[in-house]
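**Student:** Below is the file coords09.tsv, which contains TSV, C-alpha atoms.
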chain	number	residue	atom	x	y	z
A	1	MET	CA	153.03	-77.17	78.50
A	2	ARG	CA	156.59	-75.92	78.59
A	3	MET	CA	156.01	-73.81	75.48
A	4	ARG	CA	153.02	-72.11	77.12
A	5	ARG	CA	155.14	-71.26	80.12
A	6	ILE	CA	157.85	-69.73	77.92
A	7	VAL	CA	155.31	-67.70	75.94
A	8	ALA	CA	153.58	-66.52	79.11
A	9	SER	CA	156.92	-65.58	80.69
A	10	SER	CA	157.97	-63.70	77.57
A	11	ALA	CA	154.67	-61.82	77.43
A	12	LEU	CA	154.95	-60.91	81.11
A	13	LEU	CA	158.54	-59.73	80.67
A	14	ALA	CA	157.60	-57.65	77.61
A	15	THR	CA	154.72	-56.06	79.53
A	16	LEU	CA	156.95	-55.24	82.50
A	17	LEU	CA	159.70	-53.78	80.36
A	18	GLY	CA	157.22	-51.81	78.23
A	19	GLY	CA	155.90	-50.11	81.36
A	20	CYS	CA	159.38	-49.04	82.45
A	21	SER	CA	159.78	-46.11	80.10
A	22	SER	CA	159.03	-43.60	82.87
A	23	LEU	CA	161.54	-45.11	85.31
A	24	ASN	CA	164.86	-43.42	85.97
A	25	THR	CA	168.20	-45.21	85.52
A	26	THR	CA	168.43	-46.35	89.14
A	27	GLN	CA	164.96	-47.87	89.07
A	28	LYS	CA	165.53	-49.59	85.72
A	29	ASN	CA	168.78	-51.15	86.89
A	30	ALA	CA	167.20	-52.25	90.18
A	31	LEU	CA	164.39	-53.94	88.27
A	32	GLY	CA	166.77	-55.57	85.82
A	33	GLY	CA	169.07	-56.74	88.59
A	34	GLY	CA	166.13	-58.16	90.50
A	35	ILE	CA	164.90	-60.08	87.46
A	36	LEU	CA	168.34	-61.45	86.63
A	37	GLY	CA	169.03	-62.25	90.28
A	38	ALA	CA	165.72	-64.05	90.69
A	39	GLY	CA	166.38	-66.09	87.57
A	40	ALA	CA	169.89	-67.01	88.68
A	41	GLY	CA	168.69	-67.72	92.21
A	42	ALA	CA	165.91	-69.97	90.92
A	43	LEU	CA	168.37	-71.95	88.81
A	44	ILE	CA	170.80	-72.34	91.68
A	45	GLY	CA	168.02	-73.04	94.18
A	46	HIS	CA	166.55	-75.70	91.87
A	47	GLN	CA	169.71	-77.75	92.33
A	48	SER	CA	169.11	-77.88	96.09
A	49	HIS	CA	165.31	-78.24	95.69
A	50	HIS	CA	164.68	-74.73	97.04
A	51	THR	CA	163.73	-72.93	93.85
A	52	ALA	CA	161.46	-70.31	95.46
A	53	GLY	CA	163.93	-69.50	98.23
A	54	GLY	CA	166.78	-69.22	95.75
A	55	ALA	CA	164.70	-66.94	93.53
A	56	ALA	CA	163.76	-64.71	96.47
A	57	ILE	CA	167.34	-64.40	97.72
A	58	GLY	CA	168.73	-63.96	94.22
A	59	GLY	CA	166.10	-61.36	93.39
A	60	ALA	CA	166.84	-59.35	96.52
A	61	LEU	CA	170.60	-59.45	95.98
A	62	GLY	CA	170.19	-58.65	92.28
A	63	ALA	CA	167.93	-55.70	93.06
A	64	LEU	CA	170.46	-54.33	95.56
A	65	ALA	CA	173.33	-54.70	93.11
A	66	GLY	CA	171.24	-53.21	90.29
A	67	THR	CA	170.29	-50.26	92.47
A	68	ALA	CA	173.92	-49.55	93.35
A	69	VAL	CA	175.04	-49.70	89.73
A	70	GLY	CA	172.02	-47.71	88.54
A	71	TYR	CA	172.58	-44.99	91.11
A	72	GLN	CA	176.16	-44.51	89.97
A	73	ALA	CA	175.08	-44.43	86.32
A	74	GLN	CA	172.33	-41.91	87.07
A	75	GLN	CA	174.74	-39.66	88.97
A	76	GLN	CA	177.11	-39.75	85.98
A	77	GLU	CA	174.25	-38.88	83.61
A	78	GLU	CA	173.27	-35.93	85.78
A	79	ARG	CA	176.87	-34.67	85.96
A	80	SER	CA	177.20	-34.97	82.19
A	81	ALA	CA	173.95	-33.08	81.63
A	82	SER	CA	175.06	-30.32	83.99
A	83	LEU	CA	178.43	-29.98	82.27
A	84	GLN	CA	176.78	-29.90	78.85
A	85	SER	CA	174.46	-27.16	80.05
A	86	GLN	CA	177.44	-25.11	81.23
A	87	ILE	CA	179.22	-25.66	77.91
A	88	ASN	CA	176.16	-24.49	75.97
A	89	ARG	CA	175.80	-21.41	78.17
A	90	GLN	CA	179.48	-20.53	77.68
A	91	ARG	CA	179.21	-20.99	73.90
A	92	ARG	CA	176.29	-18.56	73.81
A	93	GLU	CA	178.27	-16.05	75.85
A	94	ILE	CA	181.29	-16.40	73.54
A	95	ARG	CA	179.12	-15.80	70.46
A	96	LYS	CA	177.61	-12.74	72.09
A	97	LEU	CA	181.03	-11.35	72.99
A	98	LYS	CA	182.34	-11.98	69.47
A	99	GLN	CA	179.40	-10.11	67.99
A	100	GLN	CA	180.01	-7.19	70.32
A	101	GLN	CA	183.69	-7.20	69.42
A	102	GLN	CA	182.91	-7.19	65.68
A	103	GLN	CA	180.49	-4.30	66.14
A	104	GLN	CA	183.10	-2.32	68.04
A	105	GLN	CA	185.72	-3.01	65.37
A	106	GLN	CA	183.36	-1.89	62.62
A	107	SER	CA	182.50	1.23	64.58
A	108	SER	CA	186.16	2.09	65.17
A	109	GLN	CA	187.00	1.53	61.49
A	110	LYS	CA	184.27	3.93	60.42
A	111	THR	CA	185.54	6.54	62.83
A	112	ALA	CA	189.16	6.09	61.72
A	113	ASP	CA	188.23	6.40	58.04
A	114	GLY	CA	186.28	9.55	58.68
A	115	TYR	CA	182.91	8.19	57.65
A	116	GLU	CA	181.11	8.74	60.91
A	117	ARG	CA	182.35	11.12	63.51
A	118	TYR	CA	180.34	12.47	66.37
Would you mind writing the structure in this file as structure tokens?
**Tutor:**
Amino acid sequence: MRMRRIVASSALLATLLGGCSSLNTTQKNALGGGILGAGAGALIGHQSHHTAGGAAIGGALGALAGTAVGYQAQQQEERSASLQSQINRQRREIRKLKQQQQQQQQSSQKTADGYERY
């Protein structure tokens, strides 16, 4: 009986986590925190014979903590993505300016050598 419960719980957890691929970081951390909090709350509540109440309280507190941590992580990811975008844009601009500079140098060398004069 206990083995069935473990298998069923594992299958349920795998199904829940498999469906989370479209969630953002905040949502994933809230879900994870809620699951961990509910588990911890159930274990603690079992000692005082209030397993369901402990799981509910632990789940709520875990979800709140997970949301707070996830929000901060998501904000950092967004800042990093924005900075990387700026870096890429600046690199493109630098390449463009270097090409223009090389073309101008080649043009001025031709003029100085007397090859092409207008």
**Student:** List as a PyMOL selection string the residues having at least one atom at most 12 Å from position (174.9, -47.3, 81.0) as given in the file, counting only C-alpha atoms.
**Tutor:** chain A and resi 24-26+28-29+66+69-77
**Student:** Compute the distance from (170.4, -59.3, 94.6) to each atom, counting only C-alpha atoms, keep the residues with any atom at most 9 Å away, and return them as a PyMOL selection string; use the coordinates of the file.
**Tutor:** chain A and resi 30+33-34+36-38+41+56-66
**Student:** Given the selection you just returned, output its residues as a file containing C-alpha atoms, formatted as a PDB file, in the coordinates of the input.
**Tutor:**
ATOM      1  CA  ALA A  30     167.200 -52.250  90.180  1.00  0.00           C
ATOM      2  CA  GLY A  33     169.070 -56.740  88.590  1.00  0.00           C
ATOM      3  CA  GLY A  34     166.130 -58.160  90.500  1.00  0.00           C
ATOM      4  CA  LEU A  36     168.340 -61.450  86.630  1.00  0.00           C
ATOM      5  CA  GLY A  37     169.030 -62.250  90.280  1.00  0.00           C
ATOM      6  CA  ALA A  38     165.720 -64.050  90.690  1.00  0.00           C
ATOM      7  CA  GLY A  41     168.690 -67.720  92.210  1.00  0.00           C
ATOM      8  CA  ALA A  56     163.760 -64.710  96.470  1.00  0.00           C
ATOM      9  CA  ILE A  57     167.340 -64.400  97.720  1.00  0.00           C
ATOM     10  CA  GLY A  58     168.730 -63.960  94.220  1.00  0.00           C
ATOM     11  CA  GLY A  59     166.100 -61.360  93.390  1.00  0.00           C
ATOM     12  CA  ALA A  60     166.840 -59.350  96.520  1.00  0.00           C
ATOM     13  CA  LEU A  61     170.600 -59.450  95.980  1.00  0.00           C
ATOM     14  CA  GLY A  62     170.190 -58.650  92.280  1.00  0.00           C
ATOM     15  CA  ALA A  63     167.930 -55.700  93.060  1.00  0.00           C
ATOM     16  CA  LEU A  64     170.460 -54.330  95.560  1.00  0.00           C
ATOM     17  CA  ALA A  65     173.330 -54.700  93.110  1.00  0.00           C
ATOM     18  CA  GLY A  66     171.240 -53.210  90.290  1.00  0.00           C
TER      19      GLY A  66
END
**Student:** How many Å lie between atom CA of A:Thr15 and atom CA of A:Gln27, rounded to one decimal?
**Tutor:**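 Separating atom CA of A:Thr15 from atom CA of A:Gln27 is a distance of 16.2 Å.
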**Student:** Using Å and a single decimal, report how far atom CA of A:Ala42 sits from atom CA of A:Ser22.
**Tutor:**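 Between atom CA of A:Ser22 and atom CA of A:Ala42 the gap is 28.4 Å.
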**Student:** How many Å separate atom CA of A:Gln99 from atom CA of A:Ala81?
**Tutor:** 27.3 Å
**Student:** From the list A:Ser10, A:Thr67, A:Gly53, A:Leu97, which residue is nearest A:Gly32 when using all atoms listed in the file?
**Tutor:** A:Thr67
